[in-house]
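Here is protein_10.cif, consisting of mmCIF, C-alpha atoms:
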```cif
data_upload
loop_
_atom_site.label_atom_id
_atom_site.label_comp_id
_atom_site.auth_asym_id
_atom_site.auth_seq_id
_atom_site.Cartn_x
_atom_site.Cartn_y
_atom_site.Cartn_z
CA MET R 236 0.00 0.00 0.00
CA SER R 237 1.30 3.44 -0.80
CA LEU R 238 1.35 6.33 1.63
CA ILE R 239 0.41 9.66 0.11
CA THR R 240 1.06 13.00 1.75
CA PRO R 241 0.72 16.41 0.10
CA GLU R 242 4.43 16.36 -0.75
CA THR R 243 5.44 12.73 -0.98
CA ALA R 244 4.28 9.34 -2.26
CA VAL R 245 5.91 6.35 -0.56
CA VAL R 246 5.59 2.61 -0.96
CA ARG R 247 7.42 0.29 1.42
CA ALA R 248 9.17 -2.72 -0.13
CA ALA R 249 7.11 -5.09 2.03
CA ASP R 250 3.90 -3.49 0.73
CA ALA R 251 4.67 -3.58 -3.01
CA GLU R 252 2.32 -5.88 -4.91
CA ILE R 253 4.18 -8.67 -6.71
CA VAL R 254 3.05 -10.00 -10.09
CA GLY R 255 4.71 -13.00 -11.67
CA GLY R 256 7.45 -14.68 -9.72
CA GLY R 257 7.57 -18.32 -8.75
CA ASP R 258 8.53 -20.24 -11.88
CA ALA R 259 7.74 -17.25 -14.13
CA PRO R 260 10.71 -15.68 -15.96
CA ALA R 261 9.68 -12.20 -14.79
CA THR R 262 8.77 -10.81 -11.39
CA GLY R 263 7.23 -7.37 -11.20
CA ARG R 264 7.01 -5.29 -8.05
CA LEU R 265 4.36 -2.61 -8.51
CA LEU R 266 5.73 0.44 -6.73
CA LEU R 267 3.77 3.65 -7.41
CA ASP R 268 1.02 4.14 -9.97
CA SER R 269 0.00 7.41 -11.55
CA SER R 270 -2.85 7.99 -9.09
CA SER R 271 -0.33 7.82 -6.21
CA THR R 272 1.94 10.48 -7.74
CA ALA R 273 -0.62 13.05 -8.94
CA GLY R 274 0.08 11.85 -12.48
CA ALA R 275 3.82 12.52 -12.34
CA LEU R 276 4.93 8.93 -12.95
CA SER R 277 4.24 5.22 -12.71
CA SER R 278 6.98 2.89 -11.49
CA LEU R 279 7.81 -0.74 -11.01
CA ARG R 280 10.78 -2.97 -10.39
CA MET R 281 11.16 -5.84 -12.86
CA THR R 282 13.44 -8.80 -12.20
CA LEU R 283 14.12 -11.12 -15.13
CA THR R 284 15.72 -14.56 -15.09
CA PRO R 285 18.81 -15.04 -17.32
CA GLY R 286 17.95 -14.16 -20.93
CA ALA R 287 14.22 -13.72 -20.20
CA ASP R 288 12.05 -11.36 -22.21
CA GLY R 289 10.53 -8.44 -20.33
CA ALA R 290 8.34 -6.56 -22.82
CA VAL R 291 7.77 -7.05 -26.53
CA PRO R 292 8.26 -4.07 -28.87
CA HIS R 293 5.77 -1.30 -28.20
CA LEU R 294 5.54 2.46 -27.86
CA HIS R 295 3.77 5.00 -25.72
CA THR R 296 2.23 8.05 -27.38
CA SER R 297 2.24 10.31 -24.34
CA SER R 298 4.98 9.08 -21.98
CA SER R 299 8.71 8.49 -21.82
CA GLU R 300 9.99 5.27 -20.28
CA LEU R 301 13.11 5.16 -18.12
CA PHE R 302 15.13 1.98 -17.55
CA TYR R 303 17.71 1.91 -14.74
CA VAL R 304 19.67 -1.30 -14.27
CA LEU R 305 19.91 -2.18 -10.58
CA GLY R 306 21.75 -5.43 -11.25
CA GLY R 307 22.76 -7.74 -14.07
CA ALA R 308 22.41 -6.58 -17.66
CA ALA R 309 19.51 -5.82 -19.97
CA GLN R 310 18.96 -5.46 -23.67
CA VAL R 311 16.80 -2.46 -24.55
CA LEU R 312 15.37 -1.67 -27.96
CA ALA R 313 15.31 2.10 -28.61
CA GLY R 314 13.99 2.80 -32.09
CA ASP R 315 16.12 0.58 -34.35
CA GLU R 316 19.04 0.38 -31.92
CA VAL R 317 19.52 -2.45 -29.44
CA LEU R 318 21.52 -1.36 -26.41
CA THR R 319 23.06 -3.52 -23.71
CA LEU R 320 22.78 -1.77 -20.36
CA GLU R 321 24.75 -2.96 -17.36
CA GLU R 322 24.41 -2.31 -13.64
CA GLY R 323 24.20 1.45 -13.03
CA ASP R 324 23.32 2.28 -16.65
CA MET R 325 20.16 4.16 -17.53
CA ALA R 326 18.25 4.87 -20.74
CA VAL R 327 15.17 6.99 -21.37
CA VAL R 328 13.03 6.31 -24.43
CA PRO R 329 10.82 9.26 -25.47
CA PRO R 330 7.18 9.04 -26.60
CA ASN R 331 6.46 7.50 -30.00
CA VAL R 332 9.75 5.57 -30.11
CA ALA R 333 9.64 1.78 -30.35
CA HIS R 334 11.15 0.01 -27.37
CA ALA R 335 11.35 -3.36 -25.66
CA PHE R 336 13.48 -4.90 -22.94
CA ALA R 337 14.86 -8.25 -21.86
CA ALA R 338 17.60 -9.70 -19.71
CA ALA R 339 20.81 -9.91 -21.70
CA PRO R 340 21.68 -13.45 -22.83
CA GLY R 341 23.16 -15.49 -20.02
CA THR R 342 22.45 -12.95 -17.28
CA GLU R 343 19.56 -11.83 -15.14
CA ALA R 344 18.34 -8.25 -15.08
CA ASP R 345 16.95 -6.23 -12.20
CA LEU R 346 15.39 -3.01 -13.48
CA LEU R 347 13.70 0.06 -12.11
CA ILE R 348 11.22 1.22 -14.75
CA VAL R 349 9.53 4.61 -14.65
CA ILE R 350 6.93 6.00 -17.06
CA THR R 351 6.45 9.76 -17.06
CA PRO R 352 4.06 11.41 -17.15
CA GLY R 353 2.32 8.62 -15.37
CA VAL R 354 -0.36 6.37 -16.79
CA GLU R 355 -2.38 4.04 -14.58
CA ARG R 356 -0.43 0.83 -15.34
CA PHE R 357 -0.91 -1.56 -12.45
CA GLU R 358 -4.01 -3.09 -14.03
CA TYR R 359 -2.00 -3.62 -17.22
CA PHE R 360 0.56 -5.72 -15.33
CA ARG R 361 -2.22 -7.62 -13.57
CA LEU R 362 -3.76 -8.31 -17.00
CA LEU R 363 -0.41 -9.66 -18.23
CA ALA R 364 -0.24 -11.96 -15.19
CA ARG R 365 -3.78 -13.21 -15.87
CA LEU R 366 -2.87 -13.78 -19.53
CA ARG R 367 0.17 -15.89 -18.52
CA ALA R 368 -2.05 -17.87 -16.14
CA GLY R 369 -4.63 -18.52 -18.86
CA GLU R 370 -7.21 -16.33 -17.10
CA ALA R 371 -7.30 -13.60 -19.77
CA THR R 372 -7.11 -13.60 -23.55
CA LEU R 373 -4.76 -12.03 -26.06
CA GLU R 374 -7.80 -10.17 -27.39
CA GLU R 375 -8.26 -8.51 -23.98
CA LEU R 376 -4.63 -7.41 -24.05
CA LEU R 377 -4.88 -6.06 -27.60
CA ASN R 378 -8.10 -4.21 -26.72
CA SER R 379 -6.32 -2.48 -23.82
CA GLN R 380 -3.67 -0.69 -25.92
CA GLU R 381 -5.36 2.74 -25.85
CA LEU R 382 -6.33 2.47 -22.19
CA TYR R 383 -2.74 1.83 -21.04
CA ASP R 384 -1.00 3.78 -23.86
CA ASN R 385 0.89 0.61 -24.72
CA HIS R 386 0.83 0.12 -28.49
CA PHE R 387 2.39 -3.11 -29.76
CA LEU R 388 4.41 -3.20 -32.95
CA ASP R 389 6.77 -5.39 -34.93
CA SER R 390 10.53 -4.87 -34.77
CA PRO R 391 12.66 -7.02 -37.07
CA ARG R 392 15.77 -5.53 -35.43
CA TRP R 393 14.64 -6.70 -31.97
CA LYS R 394 13.82 -10.19 -33.27
CA GLU R 395 17.22 -10.40 -34.91
CA ALA R 396 19.11 -9.21 -31.83
CA ARG R 397 17.25 -11.56 -29.52
CA SER R 398 17.73 -14.55 -31.83
CA LEU R 399 21.48 -13.83 -32.15
CA GLY R 400 21.96 -12.92 -28.50
CA GLN R 401 23.38 -9.50 -29.48
CA GLY R 402 23.02 -6.09 -27.99
#
```

Write-out of the structure in structure tokens:
Amino acid sequence: MSLITPETAVVRAADAEIVGGGDAPATGRLLLDSSSTAGALSSLRMTLTPGADGAVPHLHTSSSELFYVLGGAAQVLAGDEVLTLEEGDMAVVPPNVAHAFAAAPGTEADLLIVITPGVERFEYFRLLARLRAGEATLEELLNSQELYDNHFLDSPRWKEARSLGQG
């Protein structure tokens, strides 16, 4: 549960909702959603097992997405470029630019992800968890693109990099 004061939004680690985990290749810790930050940002921590995919290529029309590597290494698609980010590295992808992320081949990735300005995203991550569990459909996910400003697209460059283990 988050604590909101006029100046500060806080979520304690013990109170962060966890989606995924267990035998899933990705574990998300939902930190602060847009409604908790007066629309300033939405944030989560994503931990990926070695080489695991995080998000398929997509773009946001109204928000930038920040990726900060807390540990391990991640591949990040930014437009047509695939970057390998290591612990302490950060990248920010502006609106309307294709992006995706995954753990770099052979290593795990622990990422802080921030979307600004914020969009209510926690329900999106819950929907993804339900989809993985067979409790939601791909059609539901595709129908949610406008709601969560998460527009899927194809990226031959990302497919190539992921298949070759490059970054």

Counting all atoms listed in the file, which residues in range 237-313 of chain R sit no more than 10 Å from range 386-401 of chain R? For each one, give the nearest pair of atoms and the distance in Å, sorted by chain then residue number, as a Markdown table.
```
| residue | atom | partner | partner_atom | distance |
| --- | --- | --- | --- | --- |
| R:Gly286 | CA | R:Gly400 | CA | 8.7 |
| R:Asp288 | CA | R:Arg397 | CA | 9.0 |
| R:Ala290 | CA | R:Phe387 | CA | 9.8 |
| R:Val291 | CA | R:Phe387 | CA | 7.4 |
| R:Pro292 | CA | R:Leu388 | CA | 5.7 |
| R:His293 | CA | R:Phe387 | CA | 4.1 |
| R:Leu294 | CA | R:His386 | CA | 5.3 |
| R:His295 | CA | R:His386 | CA | 6.3 |
| R:Thr296 | CA | R:His386 | CA | 8.1 |
| R:Gln310 | CA | R:Gln401 | CA | 8.3 |
| R:Val311 | CA | R:Trp393 | CA | 8.8 |
| R:Leu312 | CA | R:Trp393 | CA | 6.5 |
| R:Ala313 | CA | R:Trp393 | CA | 9.4 |
```

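Of note, CA of Asp250 in chain R and CA of Arg264 in chain R are spaced 9.5 Å apart.
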
Shell around Gly353 in chain R at 10 Å using only C-alpha atoms, local window under 6 positions removed, as a ChimeraX atom specification: /R:267-278,297-300

Length of the CA of Leu266 in chain R to CA of Gly369 in chain R vector [Å]: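 Computed distance, CA of Leu266 in chain R to CA of Gly369 in chain R, equals 24.8 Å.
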
I need the output of the PyMOL selection byres ((chain R and resi 321) around 7) for this file as a tab-separated table (two decimals) with C-alpha atoms, in the coordinates of the input; which residues are they?
```tsv
chain	number	residue	atom	x	y	z
R	304	VAL	CA	19.67	-1.30	-14.27
R	307	GLY	CA	22.76	-7.74	-14.07
R	308	ALA	CA	22.41	-6.58	-17.66
R	309	ALA	CA	19.51	-5.82	-19.97
R	319	THR	CA	23.06	-3.52	-23.71
R	320	LEU	CA	22.78	-1.77	-20.36
R	322	GLU	CA	24.41	-2.31	-13.64
R	323	GLY	CA	24.20	1.45	-13.03
R	324	ASP	CA	23.32	2.28	-16.65
```

Rank nothing, just name the residue among R:Phe336, R:Phe357, R:Phe302, R:Tyr383 nearest to Glu252 in chain R, using only C-alpha atoms.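 Distance minimum relative to Glu252 in chain R lands on R:Phe357.
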
With only C-alpha atoms as the counted atoms, please give the residues lying no more than 12 Å from Leu366 in chain R, apart from itself and same-chain residues fewer than 4 positions off, as JSON, numbers by chain. {"R": [254, 255, 359, 360, 361, 362, 370, 371, 372, 373, 374, 375, 376, 377]}

For each of R:Ala333, R:Leu283, R:Val328, R:Val349, take the minimum atom-to-atom distance to Pro260 in chain R, counting all atoms listed in the file, then give the residue where this is smallest. R:Leu283

For range 337-349 of chain R, I'd like the enclosing box, axis-aligned and padded by 3 Å on every side, reported as JSON with centre and edge lengths in Å to one decimal.
```
{"center_x": 16.3, "center_y": -5.4, "center_z": -17.5, "size_x": 19.6, "size_y": 26.1, "size_z": 16.7}
```

Point out the residue among R:Leu301, R:Asp345, R:Asn385, R:Ala364 with the least atom-to-atom distance to Asn331 in chain R, counting only C-alpha atoms. R:Asn385

Straight-line distance linking CA of Gly306 in chain R with CA of Ala344 in chain R, stated in Å to one decimal: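 Straight-line distance from CA of Gly306 in chain R to CA of Ala344 in chain R works out to 5.9 Å.
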
So which one's closest to Val327 in chain R, R:Ala339, R:Ile350, R:Arg365, R:Leu305? Using only C-alpha atoms, please. R:Ile350

For Gly256 in chain R, please output as a PyMOL selection string all residues within 12 Å (counting all atoms listed in the file; exclusion window: fewer than 5 positions along the same chain). chain R and resi 261-264+281-284+364+367-368

With distances taken over all atoms listed in the file, which residue among R:Val317, R:Ala335, R:Ala287, R:Val354 lies nearest Glu381 in chain R? R:Val354
